[in-house]
$ cat upload_15.cif   # mmCIF, C-alpha atoms
data_target
loop_
_atom_site.group_PDB
_atom_site.id
_atom_site.type_symbol
_atom_site.label_atom_id
_atom_site.label_comp_id
_atom_site.auth_asym_id
_atom_site.auth_seq_id
_atom_site.Cartn_x
_atom_site.Cartn_y
_atom_site.Cartn_z
ATOM 1 C CA MET A 9 75.258 2.312 -116.935
ATOM 2 C CA LYS A 10 75.235 6.116 -116.777
ATOM 3 C CA LEU A 11 78.556 6.146 -118.609
ATOM 4 C CA VAL A 12 77.068 4.142 -121.489
ATOM 5 C CA TRP A 13 74.129 6.569 -121.789
ATOM 6 C CA LEU A 14 76.538 9.518 -121.625
ATOM 7 C CA ILE A 15 78.721 8.104 -124.413
ATOM 8 C CA LEU A 16 75.669 7.305 -126.560
ATOM 9 C CA GLY A 17 74.361 10.837 -126.001
ATOM 10 C CA CYS A 18 77.672 12.387 -127.014
ATOM 11 C CA LEU A 19 77.831 10.191 -130.118
ATOM 12 C CA ALA A 20 74.272 11.175 -131.033
ATOM 13 C CA VAL A 21 75.150 14.873 -130.706
ATOM 14 C CA ALA A 22 78.248 14.374 -132.865
ATOM 15 C CA VAL A 23 76.290 12.565 -135.591
ATOM 16 C CA GLY A 24 73.527 15.190 -135.374
ATOM 17 C CA VAL A 25 76.033 18.017 -135.848
ATOM 18 C CA ILE A 26 77.514 16.198 -138.851
ATOM 19 C CA GLY A 27 73.944 15.909 -140.148
ATOM 20 C CA VAL A 28 73.697 19.694 -140.257
ATOM 21 C CA PHE A 29 76.208 19.592 -143.119
ATOM 22 C CA LEU A 30 75.317 16.274 -144.814
ATOM 23 C CA PRO A 31 71.878 16.262 -146.455
ATOM 24 C CA LEU A 32 71.202 12.524 -146.121
ATOM 25 C CA LEU A 33 72.002 12.447 -142.412
ATOM 26 C CA PRO A 34 69.140 13.803 -140.296
ATOM 27 C CA THR A 35 69.949 16.093 -137.392
ATOM 28 C CA THR A 36 66.758 16.218 -135.342
ATOM 29 C CA PRO A 37 66.338 12.488 -134.601
ATOM 30 C CA PHE A 38 69.897 12.309 -133.321
ATOM 31 C CA MET A 39 69.356 15.328 -131.070
ATOM 32 C CA ILE A 40 66.146 13.761 -129.727
ATOM 33 C CA LEU A 41 68.106 10.563 -129.078
ATOM 34 C CA ALA A 42 70.867 12.564 -127.381
ATOM 35 C CA ALA A 43 68.318 14.266 -125.118
ATOM 36 C CA ALA A 44 66.916 10.877 -124.112
ATOM 37 C CA CYS A 45 70.406 9.546 -123.399
ATOM 38 C CA PHE A 46 71.398 12.635 -121.418
ATOM 39 C CA ALA A 47 68.153 12.418 -119.408
ATOM 40 C CA LYS A 48 69.469 9.087 -118.114
ATOM 41 C CA SER A 49 73.065 10.156 -117.608
ATOM 42 C CA SER A 50 73.711 13.874 -117.167
ATOM 43 C CA ASP A 51 71.352 16.560 -115.885
ATOM 44 C CA ARG A 52 73.813 19.229 -117.008
ATOM 45 C CA LEU A 53 74.041 18.020 -120.629
ATOM 46 C CA HIS A 54 70.308 17.321 -120.762
ATOM 47 C CA GLY A 55 69.603 20.863 -119.572
ATOM 48 C CA TRP A 56 72.075 22.279 -122.079
ATOM 49 C CA LEU A 57 70.484 20.427 -124.988
ATOM 50 C CA MET A 58 66.899 21.205 -123.930
ATOM 51 C CA GLY A 59 67.812 24.888 -123.570
ATOM 52 C CA HIS A 60 69.798 25.035 -126.807
ATOM 53 C CA ARG A 61 68.651 27.879 -129.041
ATOM 54 C CA VAL A 62 68.437 25.709 -132.182
ATOM 55 C CA PHE A 63 67.901 22.147 -131.000
ATOM 56 C CA GLY A 64 65.886 22.757 -127.812
ATOM 57 C CA PRO A 65 62.617 23.836 -129.478
ATOM 58 C CA MET A 66 62.682 20.866 -131.885
ATOM 59 C CA ILE A 67 63.190 18.424 -129.034
ATOM 60 C CA ARG A 68 60.494 20.029 -126.899
ATOM 61 C CA ASP A 69 57.992 20.040 -129.805
ATOM 62 C CA TRP A 70 58.669 16.364 -130.465
ATOM 63 C CA ARG A 71 58.333 15.398 -126.802
ATOM 64 C CA ALA A 72 55.186 17.407 -126.197
ATOM 65 C CA HIS A 73 53.296 16.892 -129.461
ATOM 66 C CA ARG A 74 55.242 14.394 -131.605
ATOM 67 C CA ALA A 75 55.396 17.386 -133.940
ATOM 68 C CA ILE A 76 57.799 18.796 -136.535
ATOM 69 C CA PRO A 77 57.543 22.493 -137.484
ATOM 70 C CA ARG A 78 56.553 23.187 -141.099
ATOM 71 C CA ARG A 79 59.854 25.003 -141.661
ATOM 72 C CA GLY A 80 61.751 21.905 -140.514
ATOM 73 C CA LYS A 81 59.670 19.692 -142.777
ATOM 74 C CA ARG A 82 60.401 21.889 -145.780
ATOM 75 C CA ALA A 83 64.119 22.008 -144.992
ATOM 76 C CA ALA A 84 64.282 18.220 -144.675
ATOM 77 C CA LEU A 85 62.435 17.631 -147.942
ATOM 78 C CA ILE A 86 64.538 20.171 -149.831
ATOM 79 C CA ALA A 87 67.745 18.590 -148.490
ATOM 80 C CA MET A 88 66.489 15.145 -149.526
ATOM 81 C CA GLY A 89 65.665 16.376 -153.019
ATOM 82 C CA LEU A 90 69.049 18.054 -153.394
ATOM 83 C CA ALA A 91 70.825 14.921 -152.214
ATOM 84 C CA PHE A 92 68.951 12.868 -154.801
ATOM 85 C CA LEU A 93 69.790 15.372 -157.551
ATOM 86 C CA LEU A 94 73.432 15.233 -156.520
ATOM 87 C CA SER A 95 73.346 11.447 -156.831
ATOM 88 C CA VAL A 96 71.866 11.758 -160.322
ATOM 89 C CA ALA A 97 74.488 14.347 -161.305
ATOM 90 C CA LEU A 98 77.277 12.086 -160.030
ATOM 91 C CA GLY A 99 76.015 9.249 -162.199
ATOM 92 C CA VAL A 100 75.128 6.848 -159.400
ATOM 93 C CA ALA A 101 73.952 3.445 -160.665
ATOM 94 C CA TRP A 102 70.234 3.195 -161.503
ATOM 95 C CA TRP A 103 69.586 0.549 -158.852
ATOM 96 C CA ALA A 104 71.153 2.743 -156.164
ATOM 97 C CA LEU A 105 69.079 5.709 -157.351
ATOM 98 C CA LEU A 106 65.972 3.560 -157.178
ATOM 99 C CA LEU A 107 66.812 2.436 -153.645
ATOM 100 C CA GLN A 108 67.649 5.997 -152.613
ATOM 101 C CA ALA A 109 64.393 7.287 -154.114
ATOM 102 C CA LEU A 110 62.408 4.627 -152.253
ATOM 103 C CA VAL A 111 64.016 5.519 -148.928
ATOM 104 C CA LEU A 112 63.681 9.274 -149.506
ATOM 105 C CA VAL A 113 60.026 9.050 -150.562
ATOM 106 C CA THR A 114 59.212 6.833 -147.580
ATOM 107 C CA MET A 115 60.986 9.062 -145.083
ATOM 108 C CA GLY A 116 59.792 12.258 -146.741
ATOM 109 C CA SER A 117 56.197 11.041 -146.531
ATOM 110 C CA TRP A 118 56.635 10.161 -142.878
ATOM 111 C CA ILE A 119 58.137 13.583 -142.120
ATOM 112 C CA TRP A 120 55.453 15.491 -144.033
ATOM 113 C CA THR A 121 52.604 13.646 -142.288
ATOM 114 C CA ARG A 122 53.837 14.433 -138.756
ATOM 115 C CA ALA A 123 51.802 16.957 -136.817
ATOM 116 C CA GLU A 124 52.923 20.553 -136.543
ATOM 117 C CA PRO A 125 53.377 22.180 -133.150
ATOM 118 C CA PRO A 126 50.433 24.325 -131.995
ATOM 119 C CA SER A 127 52.468 27.556 -132.190
ATOM 120 C CA ASP A 128 53.619 26.858 -135.790
ATOM 121 C CA ASN A 129 51.911 28.964 -138.489
#

$ encode --input "upload_15.cif" --output "structure tokens"
Amino acid sequence: MKLVWLILGCLAVAVGVIGVFLPLLPTTPFMILAAACFAKSSDRLHGWLMGHRVFGPMIRDWRAHRAIPRRGKRAALIAMGLAFLLSVALGVAWWALLLQALVLVTMGSWIWTRAEPPSDN
């Protein structure tokens, strides 16, 4: 079973890294998922991810406080807005824009209403 968790963790990291470059694909949830998978499969990879300079603090804030830093919230919302504008500029069908807007507004609202970590100003 450890092998399954290890593979899922590696896939989550890969998708999370892709999400750094693709605005509609979130990075943080995949890194949180990867940390959970690695916790069940590999102490070394779990330690690496938890100590990672970029991803570690986000994962620790989520685990400790179910919190997203304000900077992360802003970045996510800006990326969502830019992705929607790109869809408009590309002439995506109105029904797809409507569906995309619904998903983005729902997820954006959820992100914005999450707590912020105690150390975040």

$ resolve_selection --input "upload_15.cif" --expression "the PyMOL selection byres ((chain A and resi 50) around 12)" --output "ChimeraX atom specification"
/A:9-18,42-49,51-57

$ resolve_selection --input "upload_15.cif" --expression "the PyMOL selection byres ((chain A and resi 85) around 12)" --output "list in words"
Pro31, Leu32, Pro34, Arg78, Arg79, Gly80, Lys81, Arg82, Ala83, Ala84, Ile86, Ala87, Met88, Gly89, Leu90, Ala91, Phe92, Leu112, Val113, Thr114, Met115, Gly116, Ser117, Trp118, Ile119 and Trp120 of chain A

$ closest_residue --input "upload_15.cif" --among "A:Ala72, A:Leu33, A:Met58, A:Ala20" --to "Glu124 (chain A)" --atoms "all atoms listed in the file"
A:Ala72

$ closest_residue --input "upload_15.cif" --among "A:Val62, A:Phe29, A:Arg71, A:Ile40" --to "Pro125 (chain A)" --atoms "all atoms listed in the file"
A:Arg71

$ atom_distance --input "upload_15.cif" --atom1 "CA of Pro77 (chain A)" --atom2 "CA of Phe63 (chain A)"
12.2 Å

$ decode --input "upload_15.cif" --residues "region 48-80 of chain A" --atoms "N, CA and C atoms" --output "JSON list (two decimals), in the first residue's frame"
[["chain", "number", "residue", "atom", "x", "y", "z"],
["A", 48, "LYS", "N", 2.23, 8.88, 4.55],
["A", 48, "LYS", "CA", 1.87, 7.46, 4.64],
["A", 48, "LYS", "C", 2.85, 6.55, 3.90],
["A", 49, "SER", "N", 3.81, 7.16, 3.18],
["A", 49, "SER", "CA", 4.65, 6.30, 2.35],
["A", 49, "SER", "C", 6.15, 6.54, 2.47],
["A", 50, "SER", "N", 6.56, 7.79, 2.68],
["A", 50, "SER", "CA", 7.99, 8.08, 2.64],
["A", 50, "SER", "C", 8.34, 9.22, 3.59],
["A", 51, "ASP", "N", 9.02, 8.88, 4.68],
["A", 51, "ASP", "CA", 9.45, 9.92, 5.63],
["A", 51, "ASP", "C", 10.38, 10.93, 4.95],
["A", 52, "ARG", "N", 11.23, 10.43, 4.08],
["A", 52, "ARG", "CA", 12.20, 11.31, 3.41],
["A", 52, "ARG", "C", 11.50, 12.33, 2.52],
["A", 53, "LEU", "N", 10.56, 11.88, 1.68],
["A", 53, "LEU", "CA", 9.85, 12.82, 0.80],
["A", 53, "LEU", "C", 8.91, 13.73, 1.59],
["A", 54, "HIS", "N", 8.31, 13.19, 2.65],
["A", 54, "HIS", "CA", 7.45, 14.03, 3.48],
["A", 54, "HIS", "C", 8.27, 15.14, 4.13],
["A", 55, "GLY", "N", 9.43, 14.79, 4.66],
["A", 55, "GLY", "CA", 10.32, 15.78, 5.26],
["A", 55, "GLY", "C", 10.79, 16.81, 4.26],
["A", 56, "TRP", "N", 11.11, 16.35, 3.05],
["A", 56, "TRP", "CA", 11.53, 17.27, 1.99],
["A", 56, "TRP", "C", 10.43, 18.28, 1.66],
["A", 57, "LEU", "N", 9.22, 17.79, 1.50],
["A", 57, "LEU", "CA", 8.11, 18.67, 1.13],
["A", 57, "LEU", "C", 7.76, 19.62, 2.28],
["A", 58, "MET", "N", 7.74, 19.12, 3.51],
["A", 58, "MET", "CA", 7.42, 19.98, 4.66],
["A", 58, "MET", "C", 8.50, 21.03, 4.88],
["A", 59, "GLY", "N", 9.74, 20.72, 4.53],
["A", 59, "GLY", "CA", 10.83, 21.68, 4.69],
["A", 59, "GLY", "C", 11.09, 22.53, 3.46],
["A", 60, "HIS", "N", 10.32, 22.31, 2.40],
["A", 60, "HIS", "CA", 10.53, 23.05, 1.16],
["A", 60, "HIS", "C", 10.33, 24.55, 1.40],
["A", 61, "ARG", "N", 11.20, 25.34, 0.84],
["A", 61, "ARG", "CA", 11.20, 26.79, 1.04],
["A", 61, "ARG", "C", 9.90, 27.43, 0.57],
["A", 62, "VAL", "N", 9.32, 26.97, -0.51],
["A", 62, "VAL", "CA", 8.10, 27.56, -1.06],
["A", 62, "VAL", "C", 6.84, 26.84, -0.57],
["A", 63, "PHE", "N", 6.83, 25.53, -0.70],
["A", 63, "PHE", "CA", 5.62, 24.77, -0.41],
["A", 63, "PHE", "C", 5.44, 24.44, 1.07],
["A", 64, "GLY", "N", 6.53, 24.29, 1.81],
["A", 64, "GLY", "CA", 6.46, 23.92, 3.22],
["A", 64, "GLY", "C", 5.60, 24.84, 4.07],
["A", 65, "PRO", "N", 5.82, 26.17, 4.01],
["A", 65, "PRO", "CA", 4.99, 27.06, 4.84],
["A", 65, "PRO", "C", 3.50, 26.98, 4.52],
["A", 66, "MET", "N", 3.15, 26.84, 3.24],
["A", 66, "MET", "CA", 1.73, 26.73, 2.87],
["A", 66, "MET", "C", 1.11, 25.48, 3.47],
["A", 67, "ILE", "N", 1.84, 24.38, 3.40],
["A", 67, "ILE", "CA", 1.32, 23.12, 3.92],
["A", 67, "ILE", "C", 1.19, 23.20, 5.44],
["A", 68, "ARG", "N", 2.20, 23.75, 6.09],
["A", 68, "ARG", "CA", 2.15, 23.86, 7.55],
["A", 68, "ARG", "C", 1.03, 24.78, 8.01],
["A", 69, "ASP", "N", 0.82, 25.91, 7.31],
["A", 69, "ASP", "CA", -0.29, 26.82, 7.66],
["A", 69, "ASP", "C", -1.64, 26.12, 7.49],
["A", 70, "TRP", "N", -1.78, 25.35, 6.43],
["A", 70, "TRP", "CA", -3.05, 24.65, 6.21],
["A", 70, "TRP", "C", -3.28, 23.61, 7.30],
["A", 71, "ARG", "N", -2.24, 22.85, 7.61],
["A", 71, "ARG", "CA", -2.39, 21.79, 8.63],
["A", 71, "ARG", "C", -2.68, 22.37, 10.01],
["A", 72, "ALA", "N", -2.00, 23.43, 10.36],
["A", 72, "ALA", "CA", -2.13, 23.98, 11.70],
["A", 72, "ALA", "C", -3.39, 24.82, 11.89],
["A", 73, "HIS", "N", -3.76, 25.59, 10.86],
["A", 73, "HIS", "CA", -4.82, 26.58, 11.04],
["A", 73, "HIS", "C", -5.92, 26.52, 9.98],
["A", 74, "ARG", "N", -5.79, 25.59, 9.01],
["A", 74, "ARG", "CA", -6.70, 25.60, 7.86],
["A", 74, "ARG", "C", -6.71, 27.01, 7.25],
["A", 75, "ALA", "N", -5.50, 27.55, 7.08],
["A", 75, "ALA", "CA", -5.33, 28.94, 6.69],
["A", 75, "ALA", "C", -4.56, 29.08, 5.39],
["A", 76, "ILE", "N", -4.89, 30.16, 4.65],
["A", 76, "ILE", "CA", -4.19, 30.52, 3.42],
["A", 76, "ILE", "C", -3.70, 31.95, 3.59],
["A", 77, "PRO", "N", -2.41, 32.20, 3.39],
["A", 77, "PRO", "CA", -1.90, 33.57, 3.53],
["A", 77, "PRO", "C", -2.58, 34.54, 2.55],
["A", 78, "ARG", "N", -2.73, 35.78, 2.97],
["A", 78, "ARG", "CA", -3.38, 36.79, 2.13],
["A", 78, "ARG", "C", -2.70, 36.90, 0.77],
["A", 79, "ARG", "N", -1.38, 36.84, 0.76],
["A", 79, "ARG", "CA", -0.63, 36.92, -0.51],
["A", 79, "ARG", "C", -1.03, 35.77, -1.44],
["A", 80, "GLY", "N", -1.18, 34.58, -0.88],
["A", 80, "GLY", "CA", -1.59, 33.42, -1.67],
["A", 80, "GLY", "C", -3.01, 33.58, -2.20]]
